[in-house]
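The next block is work-v1.cif, given as mmCIF, C-alpha atoms.
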data_data
#
loop_
_atom_site.label_atom_id
_atom_site.label_comp_id
_atom_site.auth_asym_id
_atom_site.auth_seq_id
_atom_site.Cartn_x
_atom_site.Cartn_y
_atom_site.Cartn_z
CA ALA R 1 -143.48 236.77 198.74
CA GLN R 2 -145.44 233.59 199.13
CA SER R 3 -145.65 231.67 195.90
CA VAL R 4 -146.17 228.46 194.01
CA SER R 5 -143.33 227.29 191.77
CA GLN R 6 -143.54 224.79 188.98
CA HIS R 7 -140.12 223.62 187.95
CA ASN R 8 -140.61 223.17 184.24
CA HIS R 9 -142.47 225.38 181.80
CA HIS R 10 -142.33 222.89 178.93
CA VAL R 11 -141.93 219.14 178.91
CA ILE R 12 -141.79 216.98 175.81
CA LEU R 13 -141.86 213.22 176.11
CA SER R 14 -142.81 210.11 174.18
CA GLU R 15 -145.82 207.91 174.79
CA ALA R 16 -145.27 205.34 177.54
CA ALA R 17 -142.64 207.49 179.20
CA SER R 18 -143.05 208.39 182.84
CA LEU R 19 -143.97 211.93 183.81
CA GLU R 20 -143.12 213.86 186.93
CA LEU R 21 -143.95 217.53 187.34
CA GLY R 22 -142.55 219.40 190.27
CA CYS R 23 -144.44 221.86 192.43
CA ASN R 24 -143.13 223.73 195.44
CA TYR R 25 -144.83 226.30 197.57
CA SER R 26 -143.63 228.75 200.14
CA TYR R 27 -146.59 228.97 202.52
CA GLY R 28 -146.18 227.93 206.12
CA GLY R 29 -148.85 226.18 208.11
CA THR R 30 -151.74 224.15 206.82
CA VAL R 31 -152.31 224.15 203.09
CA ASN R 32 -154.61 222.45 200.66
CA LEU R 33 -153.09 221.40 197.37
CA PHE R 34 -154.46 220.83 193.89
CA TRP R 35 -153.38 219.87 190.43
CA TYR R 36 -155.51 221.16 187.57
CA VAL R 37 -155.22 220.26 183.90
CA GLN R 38 -156.23 222.22 180.83
CA TYR R 39 -156.50 220.12 177.67
CA PRO R 40 -156.30 221.99 174.38
CA GLY R 41 -159.50 223.92 173.85
CA GLN R 42 -161.05 222.72 177.08
CA HIS R 43 -161.79 224.10 180.52
CA LEU R 44 -159.51 223.82 183.48
CA GLN R 45 -160.45 220.69 185.38
CA LEU R 46 -159.34 219.16 188.65
CA LEU R 47 -156.94 216.23 188.43
CA LEU R 48 -156.51 215.61 192.13
CA LYS R 49 -156.42 217.32 195.49
CA TYR R 50 -154.86 216.90 198.90
CA PHE R 51 -156.45 218.15 202.10
CA SER R 52 -155.20 215.75 204.75
CA GLY R 53 -154.45 212.09 205.40
CA ASP R 54 -152.44 209.84 203.12
CA PRO R 55 -149.87 212.07 201.43
CA LEU R 56 -150.03 209.96 198.28
CA VAL R 57 -153.11 211.07 196.42
CA LYS R 58 -154.60 209.36 193.41
CA GLY R 59 -156.52 211.32 190.83
CA ILE R 60 -158.22 210.80 187.54
CA LYS R 61 -156.64 209.31 184.42
CA GLY R 62 -153.91 207.47 186.29
CA PHE R 63 -152.31 210.53 187.84
CA GLU R 64 -151.05 210.66 191.40
CA ALA R 65 -149.28 213.22 193.53
CA GLU R 66 -147.22 213.04 196.67
CA PHE R 67 -147.30 215.68 199.36
CA ILE R 68 -143.98 216.02 201.17
CA LYS R 69 -144.54 218.53 203.91
CA SER R 70 -140.87 218.83 204.87
CA LYS R 71 -140.01 219.79 201.31
CA PHE R 72 -143.06 221.97 200.71
CA SER R 73 -143.67 219.93 197.59
CA PHE R 74 -146.60 218.36 195.80
CA ASN R 75 -145.22 216.62 192.72
CA LEU R 76 -147.45 215.11 190.08
CA ARG R 77 -146.65 211.75 188.51
CA LYS R 78 -147.92 209.36 185.90
CA PRO R 79 -146.05 206.13 185.20
CA SER R 80 -146.92 205.90 181.52
CA VAL R 81 -148.25 208.85 179.55
CA GLN R 82 -150.47 208.78 176.50
CA TRP R 83 -150.78 211.20 173.63
CA SER R 84 -154.06 212.36 175.17
CA ASP R 85 -152.15 213.65 178.21
CA THR R 86 -150.90 216.56 176.12
CA ALA R 87 -152.11 219.54 178.11
CA GLU R 88 -151.10 222.33 180.43
CA TYR R 89 -150.83 221.34 184.08
CA PHE R 90 -151.24 223.75 186.96
CA CYS R 91 -150.35 223.26 190.58
CA ALA R 92 -152.44 225.31 193.01
CA VAL R 93 -152.14 225.92 196.72
CA ILE R 94 -154.42 227.51 199.23
CA PRO R 95 -153.39 228.20 202.80
CA SER R 96 -156.14 227.89 205.37
CA TRP R 97 -156.36 231.65 205.69
CA GLY R 98 -155.78 232.68 202.11
CA LYS R 99 -156.86 232.39 198.55
CA LEU R 100 -156.07 229.94 195.79
CA GLN R 101 -152.69 230.57 194.17
CA PHE R 102 -151.68 228.89 190.94
CA GLY R 103 -148.25 228.04 189.63
CA ALA R 104 -147.23 229.30 186.22
CA GLY R 105 -148.18 226.03 184.57
CA THR R 106 -146.27 223.34 182.71
CA GLN R 107 -147.01 222.65 179.07
CA VAL R 108 -146.68 218.92 178.48
CA VAL R 109 -146.45 217.57 174.95
CA VAL R 110 -146.60 213.82 174.44
CA THR R 111 -145.38 212.62 171.07
CA PRO R 112 -146.71 209.42 169.53
CA LYS G 1 -176.00 219.38 184.92
CA ALA G 2 -174.84 222.36 182.89
CA GLY G 3 -171.35 223.65 183.58
CA VAL G 4 -170.13 227.13 184.27
CA THR G 5 -170.96 229.43 181.41
CA GLN G 6 -169.26 232.68 180.54
CA THR G 7 -170.33 235.34 178.10
CA PRO G 8 -169.12 236.65 175.83
CA ARG G 9 -166.44 234.16 174.80
CA TYR G 10 -164.43 236.74 172.89
CA LEU G 11 -164.23 240.48 173.19
CA ILE G 12 -162.18 243.17 171.50
CA LYS G 13 -161.99 246.60 173.06
CA THR G 14 -159.79 249.66 172.78
CA ARG G 15 -157.77 251.38 175.48
CA GLY G 16 -159.83 253.53 177.78
CA GLN G 17 -163.06 251.64 177.25
CA GLN G 18 -164.76 249.56 179.90
CA VAL G 19 -165.98 246.00 179.71
CA THR G 20 -168.39 243.75 181.60
CA LEU G 21 -168.00 240.00 181.65
CA SER G 22 -170.67 237.61 182.84
CA CYS G 23 -170.54 234.26 184.59
CA SER G 24 -173.32 231.83 185.38
CA PRO G 25 -172.29 229.22 187.95
CA ILE G 26 -173.36 225.62 188.08
CA SER G 27 -176.88 225.35 189.43
CA GLY G 28 -176.77 225.23 193.21
CA HIS G 29 -173.29 226.70 193.47
CA ARG G 30 -173.19 229.86 195.51
CA SER G 31 -169.56 230.85 195.29
CA VAL G 32 -168.02 232.44 192.23
CA SER G 33 -164.35 233.29 191.79
CA TRP G 34 -162.66 235.16 188.97
CA TYR G 35 -159.14 234.66 187.63
CA GLN G 36 -157.00 236.36 185.02
CA GLN G 37 -154.84 234.10 182.88
CA THR G 38 -151.96 235.49 180.84
CA PRO G 39 -148.90 233.79 179.33
CA GLY G 40 -146.55 235.88 181.44
CA GLN G 41 -148.32 235.88 184.80
CA GLY G 42 -150.22 232.60 184.66
CA LEU G 43 -153.46 232.35 186.61
CA GLN G 44 -154.03 235.14 189.09
CA PHE G 45 -156.90 235.40 191.53
CA LEU G 46 -159.10 238.45 191.10
CA PHE G 47 -161.92 238.05 193.62
CA GLU G 48 -164.44 235.69 195.14
CA TYR G 49 -168.12 236.28 195.76
CA PHE G 50 -170.49 234.40 197.99
CA SER G 51 -174.06 235.36 198.79
CA GLU G 52 -173.68 238.61 196.86
CA THR G 53 -170.72 239.68 199.01
CA GLN G 54 -167.08 239.92 198.04
CA ARG G 55 -165.26 237.51 200.34
CA ASN G 56 -161.74 237.74 199.06
CA LYS G 57 -159.78 239.97 196.72
CA GLY G 58 -156.54 239.61 194.81
CA ASN G 59 -153.91 242.23 194.12
CA PHE G 60 -155.52 244.04 191.24
CA PRO G 61 -156.19 247.78 190.88
CA GLY G 62 -159.57 249.27 191.62
CA ARG G 63 -160.37 249.32 187.89
CA PHE G 64 -161.30 245.68 188.37
CA SER G 65 -164.58 245.19 190.16
CA GLY G 66 -167.32 242.66 190.36
CA ARG G 67 -170.63 241.79 191.81
CA GLN G 68 -172.87 238.85 192.40
CA PHE G 69 -176.60 238.69 192.05
CA SER G 70 -179.16 236.87 194.17
CA ASN G 71 -179.24 234.00 191.66
CA SER G 72 -175.45 233.61 192.14
CA ARG G 73 -174.66 234.89 188.66
CA SER G 74 -171.68 237.19 188.70
CA GLU G 75 -170.34 240.00 186.60
CA MET G 76 -166.87 241.40 186.41
CA ASN G 77 -166.16 244.91 185.22
CA VAL G 78 -162.91 246.45 184.06
CA SER G 79 -162.86 250.19 183.53
CA THR G 80 -160.35 252.33 181.65
CA LEU G 81 -158.91 249.36 179.84
CA GLU G 82 -155.16 249.09 179.34
CA LEU G 83 -153.23 246.98 176.85
CA GLY G 84 -152.03 244.81 179.72
CA ASP G 85 -155.59 243.80 180.54
CA SER G 86 -155.61 241.56 177.48
CA ALA G 87 -156.07 238.08 178.93
CA LEU G 88 -158.31 235.10 179.36
CA TYR G 89 -160.70 235.77 182.24
CA LEU G 90 -161.86 232.63 183.96
CA CYS G 91 -164.78 232.19 186.26
CA ALA G 92 -165.04 229.28 188.67
CA SER G 93 -167.93 228.21 190.83
CA SER G 94 -168.09 226.07 193.92
CA LEU G 95 -170.76 224.92 196.30
CA ALA G 96 -169.85 226.97 199.30
CA GLU G 97 -167.73 229.85 200.43
CA GLY G 98 -163.99 229.67 200.24
CA SER G 99 -161.91 227.63 197.87
CA SER G 100 -160.25 225.63 200.60
CA TYR G 101 -162.53 222.67 200.84
CA ASN G 102 -164.59 223.06 197.77
CA GLU G 103 -163.62 221.96 194.33
CA GLN G 104 -163.85 224.81 191.88
CA PHE G 105 -165.38 224.17 188.48
CA PHE G 106 -164.07 226.43 185.76
CA GLY G 107 -165.83 227.97 182.80
CA PRO G 108 -164.36 228.27 179.30
CA GLY G 109 -163.28 231.84 179.87
CA THR G 110 -163.71 235.14 178.09
CA ARG G 111 -160.83 236.11 175.85
CA LEU G 112 -160.41 239.88 176.11
CA THR G 113 -158.18 241.70 173.65
CA VAL G 114 -157.42 245.36 174.23
CA LEU G 115 -156.14 247.29 171.21
#

Could you render the structure from this file as structure tokens?
Amino acid sequence: AQSVSQHNHHVILSEAASLELGCNYSYGGTVNLFWYVQYPGQHLQLLLKYFSGDPLVKGIKGFEAEFIKSKFSFNLRKPSVQWSDTAEYFCAVIPSWGKLQFGAGTQVVVTP
Amino acid sequence: KAGVTQTPRYLIKTRGQQVTLSCSPISGHRSVSWYQQTPGQGLQFLFEYFSETQRNKGNFPGRFSGRQFSNSRSEMNVSTLELGDSALYLCASSLAEGSSYNEQFFGPGTRLTVL
């Protein structure tokens, strides 16, 4: 079955550490890719998206993601996290013909 | 501009009952999508409505249904509730049809608990 996989369910790291969250998908063909974030008690909101062009995408709050088509991956990165980055992060993929599919989410906890 | 609103925010029902959830999209948005979020299954797509028509549907049983009104507001109905229907139901709106090229804006969700 076609799916979206996020490698880690829980990540704990200290402030100023670098963060990388993995996302792989199994759809062939053209896809659009998203990372959403859900801060505690808040709505899901879009961090960044990739439709086409430069595979390195920059989003809000210092996040970026790299689309590697050959690896079917769209990993999220932030060089130096802050306590306020504590949240749940969701990768989402939509093939051109289909509907938005989310990964299971990664709970990130940043300790002061 | 007001965001996506969902009512009620919390709901407790018993097995066998039915429930209706409501979603008001951002003003000017014509597409509304519904998702079910559970700890075990994550976020799963339920359906998408645009111009009062269902455009896309996820893999949920027929007990789950929805509709959209001419003002783009949408309702979702679940009949014959089961314990496994306990979840956070999220509504998202976007400007146009299809989630491919349109950012979806999510509401706070309705937390449904089935006892």

query = Neighbours of stretch 66-81 of chain G within 9 Å (all atoms listed in the file; same-chain residues fewer than 2 positions away dropped), as a ChimeraX atom specification?
reply = /G:13-25,27-34,47-54,62-64,83-86,91,114

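The list of chain R residues within 8 Å of chain G is R:Asn32, R:Gln42, R:His43, R:Leu44, R:Gln45, R:Leu46, R:Phe51, R:Ile94, R:Pro95, R:Ser96, R:Lys99, R:Leu100, R:Gln101, R:Phe102, R:Gly103, R:Ala104, R:Gly105; this uses all atoms listed in the file.
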
Next, dump the selected residues to file, keeping only C-alpha atoms, as an mmCIF file, in the frame of the given file.
data_model
loop_
_atom_site.group_PDB
_atom_site.id
_atom_site.type_symbol
_atom_site.label_atom_id
_atom_site.label_comp_id
_atom_site.auth_asym_id
_atom_site.auth_seq_id
_atom_site.Cartn_x
_atom_site.Cartn_y
_atom_site.Cartn_z
ATOM 1 C CA ASN R 32 -154.610 222.450 200.660
ATOM 2 C CA GLN R 42 -161.050 222.720 177.080
ATOM 3 C CA HIS R 43 -161.790 224.100 180.520
ATOM 4 C CA LEU R 44 -159.510 223.820 183.480
ATOM 5 C CA GLN R 45 -160.450 220.690 185.380
ATOM 6 C CA LEU R 46 -159.340 219.160 188.650
ATOM 7 C CA PHE R 51 -156.450 218.150 202.100
ATOM 8 C CA ILE R 94 -154.420 227.510 199.230
ATOM 9 C CA PRO R 95 -153.390 228.200 202.800
ATOM 10 C CA SER R 96 -156.140 227.890 205.370
ATOM 11 C CA LYS R 99 -156.860 232.390 198.550
ATOM 12 C CA LEU R 100 -156.070 229.940 195.790
ATOM 13 C CA GLN R 101 -152.690 230.570 194.170
ATOM 14 C CA PHE R 102 -151.680 228.890 190.940
ATOM 15 C CA GLY R 103 -148.250 228.040 189.630
ATOM 16 C CA ALA R 104 -147.230 229.300 186.220
ATOM 17 C CA GLY R 105 -148.180 226.030 184.570
#

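Note that the spacing between atom CA of R:Cys91 and atom CA of G:Thr5 amounts to 23.4 Å.
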
note = Expressed in Å, the length from atom CA of G:Thr113 to atom CA of R:Gln107 is 22.7 Å

message = Please return as a ChimeraX atom specification every residue within 9 Å of (-155.6, 213.5, 181.0), taking into account all atoms listed in the file and the file's own coordinates.
response = /R:37-39,47,60-63,81-82,84-87

remark   = atom CA of G:Leu112 sits from atom CA of R:Thr106 at a separation of 22.7 Å

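In this comparison, which uses only C-alpha atoms, the residue of R:Gly29, R:Gly41, R:Gly22, R:Pro112 approaching R:Ser70 most closely is R:Gly29.
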
task = Give as a ChimeraX atom specification the set of residues within 9 Å of the point (-144.5, 220.6, 177.8), where distances use the file's coordinates and all atoms listed in the file.
result = /R:8-13,86-89,106-110

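In terms of minimum interatomic distance to G:Gln6, G:Ile26 ranks closest within G:Ala96, G:Ala87, G:Leu115, G:Ile26, counting all atoms listed in the file.
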
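Of the residues under consideration (R:Ser3, R:Trp83, R:Glu66, R:Glu15), R:Glu66 shows the shortest atom-to-atom contact distance to R:Gly53 when counting only C-alpha atoms.
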